[in-house]
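Colleague: Quick one: the structure is below, questions incoming.
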Amino acid sequence: MAHPLIFLVACLVLIPAGTAHNLESDEEGHVSLLLSSKGVDFAKDVLINKAVSTIIPLQLPDIEKSVKIPLIGKVRMILSNITIFSVNVSSSYVENGNPGLVLVASGATASLSMKWAYSYSTWLIVISDSGDASVQVKGMEVGLTVAFKEQGGTLELSLLDCGCHVQDITIKLNGGASWLYQGIVDAFQGSIGSAVENAISKKIKEEIVKLDSLLQSLPKQIPIDHVAALNTTFVDSPALSNSFIELEISGLFTATGDLAVPRNYDKGKKSSLFYNCPAKMIGISLHEDVFNTAGLVYLNAGCMYWTIDNSWDHSFLNTAAWKDIYPQLYLQYPNHDMSLNISATSSPEVKIAKNGINVTIYLDVTVSVVDDGKVIPVACISLDINASCSPQVLWNKIAGTLKLKSFTMSLKWSKIGNVHMDLLKPVILALLETVFIPYVNLHLMRGFPLPLIHGFSLQNPEIHYTESKIVTCSNLLYT
């Protein structure tokens with residue numbers, strides 16, 4: 001049950017021991033998660049509910065005492081099978097403990113069940129009895145102070161303080177004499193309260209140890225496919241301000257199984273804290289370098305290469321369609337099938353500004369003719385494509401679509417005469433609009449995952465643009 005708590009605890013406790021505001025580091029993340037005050041309240045409430053479901057039912061140790069009862073004498077009493085089976089929290093809050101972060105649940109009540117037994121001796125016989133009882137704990141307050149620290153790309157969680165205080169206890173016996181009730185109340189009220197306080201404090205300490213272990217075992221990569229992965233190592237200890245909590249991870253694309261980020265992207269861009277989302281619970285900021293490293297990884301893996309041949313059933317893939325565009329080609333290879341090999345010459349350049357996302361793509365289109373089953377390259381056209389990108393959030397993934405804005409082209413080389421570039425332009429335009437852009441969008445709409453723990457989803461996300469970043473502002477839903 002502890003695993004779903006990791007994200008929530010991370011959201012609530014994103015402050016290292018001994019630090020309060022505006023952390024600085026030589027390296028900064030390219031993906032930032034920001035939890036607003038609204039998000040902190042949501043995380044706190046879910047955390048408490050999940051914590052309660054984790055610790056109950058909670059077994060307490062047996063309690064045994066010898067009590068002197070007026071007119072009866074010395075009575076040996078035992079309470080066993082003491083179990084907390086429900087806890088309800090009426091109010092809670094989170095505050096900066098400096099150091100650490102304090103989470104307090106107050107006005108809580110707890111319901112317990114237990115078995116009772118007693119025995120005492122007279123000069124003739126031994127008298128004993130047993131039964132069950134219910135206990136209601138009121139005015140319970142539970143508090144803990146915790147801290148996070150980045151260590152080697154992971155987060156270490158430490159418990160700085162923990163405590164539980166019980167204000168009032170009501171005991172209801174099923175059966176037994178009236179003297180027994182008063183005897184149990186007098187003898188065990190304080191002991192039951194102490195047992196509840198100690199058991200809850202001990203359980204919290206055990207769960208924090210488990211959470212620390214789980215946090216450190218979180219994967220440092222999120223696989224995208226067999227080629228690429230998202231580097232999810234933490235680059236700094238979390239930071240806390242008066243209005244939000246921020247966590248930074250590397251967020252850059254790498255080759256699968258390789259944590260090394262591409263060259264020239266090993267340092268984050270120093271900038272002010274990103275667009276705040278006061279009306280939403282969480283903001284997820286993605287620097288343009290995240291998308292630029294994605295292109296570089298796929299380029300290096302040889303994935304940015306496409307071949308268009310007659311299997312695409314396009315009329316311009318025959319030299320007859322190029323009779324006026326490329327006269328020497330038609331004269332030498334009349335009515336021959338053709339193929340176009342499209343390859344990226346460098347990784348796409350993504351630029352994010354306040355008015356949107358611009359993408360520049362550099363391609364070489366190699367024109368080939370098919371003669372007696374052989375594919376013969378005859379010319380190469382260089383393209384510089386300018387497109388806009390419209391991002392969207394789909395099922396906790398960031399996806400998008402490209403729209404062609406403009407392009408320029410030039411003849412890189414030709415083996416058999418000149419190419420009339422002005423006549424070729426409509427063909428290239430058709431190629432880009434009907435083949436290349438739709439093909440790229442098909443892959444872009446698959447998206448890549450945003451850094452959310454399983455079980456959480458974004459609700460009513462909105463995308464905003466800032467200089468060099470896009471920010472997804474959203475509420476959270478936990479299922």
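Scheme for the structure tokens: letters A, B, ... for chains in order shown; per-chain residue numbers from 1; ligand numbers from 1 in order shown.
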Would you list the contacts of stretch 89-97 of chain A as a ChimeraX atom specification, taking every protein, DNA or RNA residue within 9 Å and counting only C-alpha atoms, but skipping same-chain residues closer than 2 positions in sequence?
Modeller: /A:12,15,20,40-41,44-45,48-49,87,99-110,140-141,145-146,240
Colleague: Write out as a list in words each polymer residue whose atoms come within 8 Å of A:Ser388, counting only C-alpha atoms; drop sequence neighbours fewer than 3 positions from it.
Modeller: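 Selected residues are Gly356, Ile357, Asn358, Val359, Leu402, Lys403, Leu404 and Lys405 of chain A.
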Colleague: Please provide as a list in words all residues within 8 Å of stretch 120-136 of chain A, with the sequence filter that same-chain residues fewer than 2 positions apart are discarded (counting only C-alpha atoms).
Modeller: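 Residues meeting the cut-off are Gly73, Lys74, Val75, Arg76, Thr109, Ala110, Ser111, Leu112, Ser113, Met114, Lys115, Trp116, Ala117, Tyr118, Lys138, Ile169, Thr170, Ile171, Lys172, Leu173, Asn174, Gly175 and Gly176 of chain A.
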Colleague: Those same residues, written as an mmCIF file, in the first residue's frame with N, CA, C and O atoms?
Modeller:
data_model
loop_
_atom_site.group_PDB
_atom_site.id
_atom_site.type_symbol
_atom_site.label_atom_id
_atom_site.label_comp_id
_atom_site.auth_asym_id
_atom_site.auth_seq_id
_atom_site.Cartn_x
_atom_site.Cartn_y
_atom_site.Cartn_z
ATOM 1 N N GLY A 73 -10.570 -6.711 46.762
ATOM 2 C CA GLY A 73 -9.164 -7.024 46.945
ATOM 3 C C GLY A 73 -8.379 -6.871 45.659
ATOM 4 O O GLY A 73 -8.752 -6.109 44.761
ATOM 5 N N LYS A 74 -7.317 -7.623 45.559
ATOM 6 C CA LYS A 74 -6.423 -7.523 44.412
ATOM 7 C C LYS A 74 -6.969 -8.318 43.225
ATOM 8 O O LYS A 74 -7.218 -9.523 43.340
ATOM 9 N N VAL A 75 -7.152 -7.614 42.106
ATOM 10 C CA VAL A 75 -7.713 -8.239 40.903
ATOM 11 C C VAL A 75 -6.698 -8.152 39.771
ATOM 12 O O VAL A 75 -6.137 -7.080 39.493
ATOM 13 N N ARG A 76 -6.458 -9.283 39.132
ATOM 14 C CA ARG A 76 -5.546 -9.321 37.976
ATOM 15 C C ARG A 76 -6.372 -9.110 36.717
ATOM 16 O O ARG A 76 -7.291 -9.867 36.417
ATOM 17 N N THR A 109 -10.230 10.967 15.532
ATOM 18 C CA THR A 109 -10.837 9.955 16.392
ATOM 19 C C THR A 109 -10.413 8.579 15.911
ATOM 20 O O THR A 109 -10.122 8.382 14.722
ATOM 21 N N ALA A 110 -10.404 7.624 16.853
ATOM 22 C CA ALA A 110 -10.044 6.251 16.513
ATOM 23 C C ALA A 110 -10.955 5.296 17.260
ATOM 24 O O ALA A 110 -11.340 5.554 18.408
ATOM 25 N N SER A 111 -11.321 4.224 16.602
ATOM 26 C CA SER A 111 -12.159 3.192 17.219
ATOM 27 C C SER A 111 -11.339 1.932 17.404
ATOM 28 O O SER A 111 -10.627 1.503 16.494
ATOM 29 N N LEU A 112 -11.444 1.338 18.605
ATOM 30 C CA LEU A 112 -10.684 0.142 18.946
ATOM 31 C C LEU A 112 -11.634 -0.948 19.437
ATOM 32 O O LEU A 112 -12.709 -0.660 19.978
ATOM 33 N N SER A 113 -11.205 -2.152 19.244
ATOM 34 C CA SER A 113 -11.883 -3.306 19.841
ATOM 35 C C SER A 113 -10.858 -4.076 20.666
ATOM 36 O O SER A 113 -9.654 -4.012 20.388
ATOM 37 N N MET A 114 -11.343 -4.803 21.706
ATOM 38 C CA MET A 114 -10.399 -5.552 22.540
ATOM 39 C C MET A 114 -11.148 -6.619 23.342
ATOM 40 O O MET A 114 -12.380 -6.625 23.423
ATOM 41 N N LYS A 115 -10.381 -7.516 23.908
ATOM 42 C CA LYS A 115 -10.890 -8.532 24.823
ATOM 43 C C LYS A 115 -10.426 -8.183 26.237
ATOM 44 O O LYS A 115 -9.317 -7.676 26.418
ATOM 45 N N TRP A 116 -11.265 -8.459 27.227
ATOM 46 C CA TRP A 116 -10.873 -8.246 28.618
ATOM 47 C C TRP A 116 -11.068 -9.532 29.404
ATOM 48 O O TRP A 116 -11.896 -10.376 29.069
ATOM 49 N N ALA A 117 -10.283 -9.646 30.425
ATOM 50 C CA ALA A 117 -10.405 -10.796 31.338
ATOM 51 C C ALA A 117 -9.887 -10.384 32.706
ATOM 52 O O ALA A 117 -9.020 -9.527 32.829
ATOM 53 N N TYR A 118 -10.442 -10.998 33.760
ATOM 54 C CA TYR A 118 -9.940 -10.728 35.100
ATOM 55 C C TYR A 118 -10.032 -11.991 35.926
ATOM 56 O O TYR A 118 -10.770 -12.928 35.607
ATOM 57 N N LYS A 138 -10.691 10.106 21.312
ATOM 58 C CA LYS A 138 -11.070 11.414 20.785
ATOM 59 C C LYS A 138 -9.951 12.421 21.005
ATOM 60 O O LYS A 138 -9.120 12.262 21.890
ATOM 61 N N ILE A 169 -10.392 9.238 26.162
ATOM 62 C CA ILE A 169 -10.738 7.854 25.826
ATOM 63 C C ILE A 169 -12.055 7.486 26.499
ATOM 64 O O ILE A 169 -12.258 7.775 27.683
ATOM 65 N N THR A 170 -12.945 6.847 25.733
ATOM 66 C CA THR A 170 -14.194 6.319 26.276
ATOM 67 C C THR A 170 -14.206 4.810 26.084
ATOM 68 O O THR A 170 -13.977 4.319 24.976
ATOM 69 N N ILE A 171 -14.480 4.086 27.175
ATOM 70 C CA ILE A 171 -14.465 2.623 27.138
ATOM 71 C C ILE A 171 -15.872 2.105 27.394
ATOM 72 O O ILE A 171 -16.554 2.537 28.332
ATOM 73 N N LYS A 172 -16.329 1.172 26.552
ATOM 74 C CA LYS A 172 -17.640 0.548 26.731
ATOM 75 C C LYS A 172 -17.462 -0.957 26.822
ATOM 76 O O LYS A 172 -17.034 -1.609 25.868
ATOM 77 N N LEU A 173 -17.792 -1.514 28.009
ATOM 78 C CA LEU A 173 -17.676 -2.956 28.230
ATOM 79 C C LEU A 173 -18.967 -3.661 27.837
ATOM 80 O O LEU A 173 -20.067 -3.152 28.087
ATOM 81 N N ASN A 174 -18.828 -4.817 27.278
ATOM 82 C CA ASN A 174 -19.967 -5.684 27.012
ATOM 83 C C ASN A 174 -19.976 -6.765 28.075
ATOM 84 O O ASN A 174 -19.176 -7.708 28.051
ATOM 85 N N GLY A 175 -20.876 -6.633 29.069
ATOM 86 C CA GLY A 175 -20.918 -7.565 30.189
ATOM 87 C C GLY A 175 -20.045 -7.091 31.334
ATOM 88 O O GLY A 175 -19.378 -6.060 31.263
ATOM 89 N N GLY A 176 -20.061 -7.845 32.429
ATOM 90 C CA GLY A 176 -19.225 -7.513 33.572
ATOM 91 C C GLY A 176 -19.971 -6.661 34.590
ATOM 92 O O GLY A 176 -20.957 -5.998 34.289
#
Colleague: Report as CSV: every residue of stretch 383-472 of chain A with an atom at most 12 Å from stretch 325-332 of chain A, its closest pair of atoms, and their distance in Å to one decimal, counting only C-alpha atoms, with rows sorted by chain and ascending residue number.
Modeller:
residue,atom,partner,partner_atom,distance
A:Leu411,CA,A:Tyr326,CA,11.8
A:Ser414,CA,A:Tyr326,CA,10.0
A:Lys415,CA,A:Leu329,CA,9.3
A:Ile416,CA,A:Gln328,CA,6.1
A:Gly417,CA,A:Gln328,CA,5.7
A:Asn418,CA,A:Tyr326,CA,6.7
A:Val419,CA,A:Tyr326,CA,4.9
A:His420,CA,A:Ile325,CA,5.1
A:Met421,CA,A:Ile325,CA,7.3
A:Asp422,CA,A:Ile325,CA,8.4
A:Leu423,CA,A:Ile325,CA,5.6
A:Leu424,CA,A:Ile325,CA,5.9
A:Lys425,CA,A:Ile325,CA,9.6
A:Pro426,CA,A:Ile325,CA,10.5
A:Val427,CA,A:Ile325,CA,9.5
A:Ile428,CA,A:Ile325,CA,11.6
Colleague: What would the file look like if the residues just selected were written as a PDB file, in the first residue's frame with N, CA, C and O atoms?
Modeller:
ATOM      1  N   LEU A 411      18.997  22.847 -54.929  1.00  0.00           N
ATOM      2  CA  LEU A 411      19.555  21.645 -55.554  1.00  0.00           C
ATOM      3  C   LEU A 411      20.934  21.397 -54.966  1.00  0.00           C
ATOM      4  O   LEU A 411      21.837  22.214 -55.090  1.00  0.00           O
ATOM      5  N   SER A 414      23.123  17.033 -58.885  1.00  0.00           N
ATOM      6  CA  SER A 414      22.390  16.330 -59.930  1.00  0.00           C
ATOM      7  C   SER A 414      23.385  15.626 -60.839  1.00  0.00           C
ATOM      8  O   SER A 414      24.398  16.193 -61.233  1.00  0.00           O
ATOM      9  N   LYS A 415      23.084  14.380 -61.170  1.00  0.00           N
ATOM     10  CA  LYS A 415      23.981  13.594 -62.006  1.00  0.00           C
ATOM     11  C   LYS A 415      23.647  13.688 -63.499  1.00  0.00           C
ATOM     12  O   LYS A 415      24.494  13.387 -64.338  1.00  0.00           O
ATOM     13  N   ILE A 416      22.397  14.066 -63.820  1.00  0.00           N
ATOM     14  CA  ILE A 416      22.012  14.052 -65.243  1.00  0.00           C
ATOM     15  C   ILE A 416      21.226  15.307 -65.618  1.00  0.00           C
ATOM     16  O   ILE A 416      20.057  15.245 -65.986  1.00  0.00           O
ATOM     17  N   GLY A 417      21.890  16.442 -65.520  1.00  0.00           N
ATOM     18  CA  GLY A 417      21.257  17.666 -65.994  1.00  0.00           C
ATOM     19  C   GLY A 417      20.637  18.489 -64.891  1.00  0.00           C
ATOM     20  O   GLY A 417      20.719  18.189 -63.705  1.00  0.00           O
ATOM     21  N   ASN A 418      19.966  19.545 -65.351  1.00  0.00           N
ATOM     22  CA  ASN A 418      19.415  20.531 -64.443  1.00  0.00           C
ATOM     23  C   ASN A 418      17.989  20.169 -64.011  1.00  0.00           C
ATOM     24  O   ASN A 418      17.252  19.499 -64.733  1.00  0.00           O
ATOM     25  N   VAL A 419      17.620  20.644 -62.822  1.00  0.00           N
ATOM     26  CA  VAL A 419      16.263  20.464 -62.296  1.00  0.00           C
ATOM     27  C   VAL A 419      15.617  21.838 -62.226  1.00  0.00           C
ATOM     28  O   VAL A 419      16.204  22.780 -61.680  1.00  0.00           O
ATOM     29  N   HIS A 420      14.426  21.974 -62.790  1.00  0.00           N
ATOM     30  CA  HIS A 420      13.709  23.246 -62.736  1.00  0.00           C
ATOM     31  C   HIS A 420      13.040  23.368 -61.361  1.00  0.00           C
ATOM     32  O   HIS A 420      11.951  22.839 -61.129  1.00  0.00           O
ATOM     33  N   MET A 421      13.681  24.094 -60.442  1.00  0.00           N
ATOM     34  CA  MET A 421      13.253  24.145 -59.055  1.00  0.00           C
ATOM     35  C   MET A 421      11.888  24.812 -58.897  1.00  0.00           C
ATOM     36  O   MET A 421      11.102  24.428 -58.014  1.00  0.00           O
ATOM     37  N   ASP A 422      11.584  25.794 -59.747  1.00  0.00           N
ATOM     38  CA  ASP A 422      10.296  26.465 -59.633  1.00  0.00           C
ATOM     39  C   ASP A 422       9.148  25.520 -59.968  1.00  0.00           C
ATOM     40  O   ASP A 422       8.057  25.593 -59.392  1.00  0.00           O
ATOM     41  N   LEU A 423       9.379  24.602 -60.903  1.00  0.00           N
ATOM     42  CA  LEU A 423       8.355  23.615 -61.239  1.00  0.00           C
ATOM     43  C   LEU A 423       8.302  22.477 -60.215  1.00  0.00           C
ATOM     44  O   LEU A 423       7.265  21.824 -60.051  1.00  0.00           O
ATOM     45  N   LEU A 424       9.425  22.254 -59.552  1.00  0.00           N
ATOM     46  CA  LEU A 424       9.487  21.179 -58.557  1.00  0.00           C
ATOM     47  C   LEU A 424       8.777  21.566 -57.251  1.00  0.00           C
ATOM     48  O   LEU A 424       8.294  20.694 -56.520  1.00  0.00           O
ATOM     49  N   LYS A 425       8.701  22.867 -56.972  1.00  0.00           N
ATOM     50  CA  LYS A 425       8.181  23.314 -55.679  1.00  0.00           C
ATOM     51  C   LYS A 425       6.773  22.788 -55.381  1.00  0.00           C
ATOM     52  O   LYS A 425       6.506  22.323 -54.252  1.00  0.00           O
ATOM     53  N   PRO A 426       5.809  22.830 -56.336  1.00  0.00           N
ATOM     54  CA  PRO A 426       4.480  22.276 -56.031  1.00  0.00           C
ATOM     55  C   PRO A 426       4.517  20.780 -55.703  1.00  0.00           C
ATOM     56  O   PRO A 426       3.725  20.299 -54.892  1.00  0.00           O
ATOM     57  N   VAL A 427       5.440  20.066 -56.332  1.00  0.00           N
ATOM     58  CA  VAL A 427       5.575  18.632 -56.040  1.00  0.00           C
ATOM     59  C   VAL A 427       6.075  18.428 -54.616  1.00  0.00           C
ATOM     60  O   VAL A 427       5.563  17.579 -53.864  1.00  0.00           O
ATOM     61  N   ILE A 428       7.080  19.190 -54.214  1.00  0.00           N
ATOM     62  CA  ILE A 428       7.619  19.081 -52.863  1.00  0.00           C
ATOM     63  C   ILE A 428       6.570  19.498 -51.835  1.00  0.00           C
ATOM     64  O   ILE A 428       6.419  18.873 -50.776  1.00  0.00           O
TER      65      ILE A 428
END
Colleague: Using only C-alpha atoms, determine which residues lie at most 9 Å from A:Tyr298, disregarding the query and same-chain residues fewer than 4 positions distant; provide the list as a list in words.
Modeller: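 That gives Val227, Ala228, Ala255, Thr293, Ala294, Gly302, Cys303, Met304 and Ser347 of chain A.
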Colleague: Rounded to one decimal, what separation in Å do you get between atom CA of A:Thr232 and atom CA of A:Gly251?
Modeller: 5.5 Å
Colleague: Need the shell around stretch 203-206 of chain A: protein/DNA/RNA residues with any atom at most 10 Å away, counting only C-alpha atoms. Skip same-chain ones fewer than 2 positions apart. Format as an MDAnalysis selection string?
Modeller: chainID A and resid 51 54:56 58 142:144 158:159 161:164 198:201 208:211
Colleague: If we count only C-alpha atoms and set the cut-off at 12 Å, which residues sit around A:Leu442, ignoring sequence neighbours fewer than 3 positions away in its own chain? Please answer as a compact mmCIF listing (two decimals) with N, CA and C atoms, in the first residue's frame.
Modeller:
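The result, stored in part32.txt:
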# COMPACT_ATOMS: atom_id res chain seq x y z
N ALA A 399 1.70 15.20 -26.26
CA ALA A 399 1.70 14.88 -27.69
C ALA A 399 1.61 16.18 -28.47
N GLY A 400 1.50 16.08 -29.78
CA GLY A 400 1.42 17.30 -30.58
C GLY A 400 1.27 17.01 -32.05
N THR A 401 1.01 18.08 -32.80
CA THR A 401 0.90 17.98 -34.25
C THR A 401 1.65 19.14 -34.89
N LEU A 402 2.27 18.87 -36.03
CA LEU A 402 2.97 19.89 -36.80
C LEU A 402 2.06 20.45 -37.88
N VAL A 435 2.33 13.55 -47.29
CA VAL A 435 3.11 12.39 -46.87
C VAL A 435 3.93 12.68 -45.61
N PHE A 436 4.85 13.65 -45.71
CA PHE A 436 5.81 13.85 -44.63
C PHE A 436 5.16 14.33 -43.33
N ILE A 437 4.41 15.44 -43.38
CA ILE A 437 3.81 16.00 -42.17
C ILE A 437 2.82 15.01 -41.53
N PRO A 438 1.91 14.38 -42.29
CA PRO A 438 1.02 13.38 -41.66
C PRO A 438 1.78 12.22 -41.03
N TYR A 439 2.88 11.80 -41.68
CA TYR A 439 3.66 10.70 -41.13
C TYR A 439 4.31 11.10 -39.80
N MET A 445 1.71 12.06 -32.18
CA MET A 445 0.49 11.88 -31.41
C MET A 445 0.57 10.68 -30.46
N ARG A 446 1.58 9.87 -30.62
CA ARG A 446 1.79 8.80 -29.64
C ARG A 446 2.24 9.38 -28.31
N GLY A 447 2.94 10.51 -28.38
CA GLY A 447 3.34 11.23 -27.18
C GLY A 447 4.41 10.52 -26.38
Colleague: Rounded to one decimal, what separation in Å do you get between atom CA of A:Ala43 and atom CA of A:Leu247?
Modeller: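 The value is 14.6 Å.
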Colleague: Quick check, in Å to one decimal: how far apart do atom CA of A:Met338 and atom CA of A:Leu383 lie?
Modeller: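 Calculated distance between atom CA of A:Met338 and atom CA of A:Leu383 is 19.2 Å.
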Colleague: Hey, what's within 7 Å of A:Asn318 if we count only C-alpha atoms and toss same-chain stuff fewer than 2 positions away? As a list in words, please?
Modeller: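 Neighbouring residues, sequence-local ones excluded: Ser315, Phe316, Ala320, Ala321, Asn335, His336, Asp337 and Met338 of chain A.
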Colleague: Could you turn the residues from that selection into a file that holds all heavy atoms, as a compact mmCIF listing (two decimals), in the first residue's frame?
Modeller:
# COMPACT_ATOMS: atom_id res chain seq x y z
N SER A 315 1.26 9.48 -57.99
CA SER A 315 1.46 9.63 -59.44
C SER A 315 2.81 10.28 -59.76
O SER A 315 3.36 10.06 -60.84
CB SER A 315 0.32 10.47 -60.04
OG SER A 315 0.28 11.75 -59.44
N PHE A 316 3.35 11.07 -58.83
CA PHE A 316 4.61 11.75 -59.15
C PHE A 316 5.82 10.82 -58.99
O PHE A 316 6.95 11.23 -59.21
CB PHE A 316 4.80 13.01 -58.31
CG PHE A 316 4.80 12.80 -56.82
CD1 PHE A 316 5.89 12.26 -56.16
CD2 PHE A 316 3.70 13.17 -56.08
CE1 PHE A 316 5.89 12.09 -54.80
CE2 PHE A 316 3.69 13.00 -54.70
CZ PHE A 316 4.79 12.46 -54.05
N ALA A 320 7.53 10.16 -65.89
CA ALA A 320 6.63 10.91 -66.78
C ALA A 320 6.12 12.17 -66.10
O ALA A 320 5.90 13.20 -66.76
CB ALA A 320 5.47 10.02 -67.21
N ALA A 321 5.91 12.09 -64.77
CA ALA A 321 5.45 13.27 -64.04
C ALA A 321 6.55 14.32 -63.90
O ALA A 321 6.28 15.47 -63.57
CB ALA A 321 4.95 12.86 -62.66
N ASN A 335 9.25 6.84 -68.44
CA ASN A 335 8.22 6.02 -67.79
C ASN A 335 8.79 4.99 -66.81
O ASN A 335 8.32 3.85 -66.71
CB ASN A 335 7.34 5.32 -68.83
CG ASN A 335 6.55 6.31 -69.65
OD1 ASN A 335 5.93 7.22 -69.11
ND2 ASN A 335 6.59 6.14 -70.98
N HIS A 336 9.80 5.40 -66.10
CA HIS A 336 10.38 4.53 -65.07
C HIS A 336 9.83 4.90 -63.70
O HIS A 336 9.53 6.08 -63.42
CB HIS A 336 11.91 4.67 -65.05
CG HIS A 336 12.61 3.87 -66.11
ND1 HIS A 336 12.32 3.99 -67.45
CD2 HIS A 336 13.60 2.94 -66.01
CE1 HIS A 336 13.10 3.17 -68.15
NE2 HIS A 336 13.88 2.51 -67.29
N ASP A 337 9.73 3.88 -62.87
CA ASP A 337 9.33 4.14 -61.48
C ASP A 337 10.45 4.89 -60.75
O ASP A 337 11.64 4.77 -61.10
CB ASP A 337 9.05 2.83 -60.73
CG ASP A 337 7.74 2.20 -61.20
OD1 ASP A 337 6.86 2.94 -61.68
OD2 ASP A 337 7.60 0.96 -61.07
N MET A 338 10.03 5.63 -59.75
CA MET A 338 10.99 6.42 -58.97
C MET A 338 10.80 6.15 -57.47
O MET A 338 9.78 5.61 -57.04
CB MET A 338 10.79 7.92 -59.25
CG MET A 338 11.00 8.34 -60.69
SD MET A 338 10.54 10.08 -60.94
CE MET A 338 11.69 10.91 -59.81
Colleague: Pick the closest to A:Thr466 from A:Ile352, A:Val196, A:Ile63, A:Ile385: which is it, counting only C-alpha atoms?
Modeller: A:Ile352
Colleague: Please give the complete set of residues from stretch 75-266 of chain A that DSSP, run on the backbone, assigns to alpha helix (DSSP H), formatted as a PyMOL selection string.
Modeller: chain A and resi 178-216
Colleague: Would you put the residues from that selection into a file with C-alpha atoms, as a tab-separated table (two decimals), in the first residue's frame?
Modeller:
chain	number	residue	atom	x	y	z
A	178	SER	CA	-20.16	-2.20	37.55
A	179	TRP	CA	-17.07	-2.38	39.74
A	180	LEU	CA	-15.25	-4.01	36.81
A	181	TYR	CA	-16.03	-1.07	34.52
A	182	GLN	CA	-14.68	1.50	36.95
A	183	GLY	CA	-11.67	-0.67	37.67
A	184	ILE	CA	-10.76	-0.98	34.00
A	185	VAL	CA	-11.29	2.73	33.39
A	186	ASP	CA	-9.14	3.69	36.37
A	187	ALA	CA	-6.44	1.13	35.64
A	188	PHE	CA	-6.18	1.15	31.86
A	189	GLN	CA	-7.32	4.49	30.48
A	190	GLY	CA	-3.83	5.96	30.56
A	191	SER	CA	-2.24	2.71	29.37
A	192	ILE	CA	-4.55	2.42	26.38
A	193	GLY	CA	-3.83	6.02	25.43
A	194	SER	CA	-0.07	5.43	25.67
A	195	ALA	CA	-0.38	2.19	23.68
A	196	VAL	CA	-2.24	4.03	20.89
A	197	GLU	CA	0.33	6.85	20.85
A	198	ASN	CA	3.30	4.46	20.76
A	199	ALA	CA	1.79	2.13	18.16
A	200	ILE	CA	0.93	4.93	15.72
A	201	SER	CA	4.32	6.62	16.15
A	202	LYS	CA	6.10	3.29	15.57
A	203	LYS	CA	4.03	2.56	12.47
A	204	ILE	CA	4.78	5.99	11.00
A	205	LYS	CA	8.51	5.43	11.49
A	206	GLU	CA	8.28	2.03	9.78
A	207	GLU	CA	6.39	3.51	6.80
A	208	ILE	CA	8.88	6.36	6.40
A	209	VAL	CA	11.71	3.81	6.18
A	210	LYS	CA	9.76	1.93	3.49
A	211	LEU	CA	9.07	5.15	1.58
A	212	ASP	CA	12.74	6.12	1.69
A	213	SER	CA	13.68	2.76	0.25
A	214	LEU	CA	11.04	3.02	-2.47
A	215	LEU	CA	12.06	6.56	-3.40
A	216	GLN	CA	15.66	5.50	-3.85
Colleague: Find the residue from A:Ile222, A:Cys389, A:Tyr333, A:Thr256 that sits nearest to A:Asp372; use only C-alpha atoms when measuring.
Modeller: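 Ranking A:Ile222, A:Cys389, A:Tyr333, A:Thr256 by distance to A:Asp372, first place goes to A:Tyr333.
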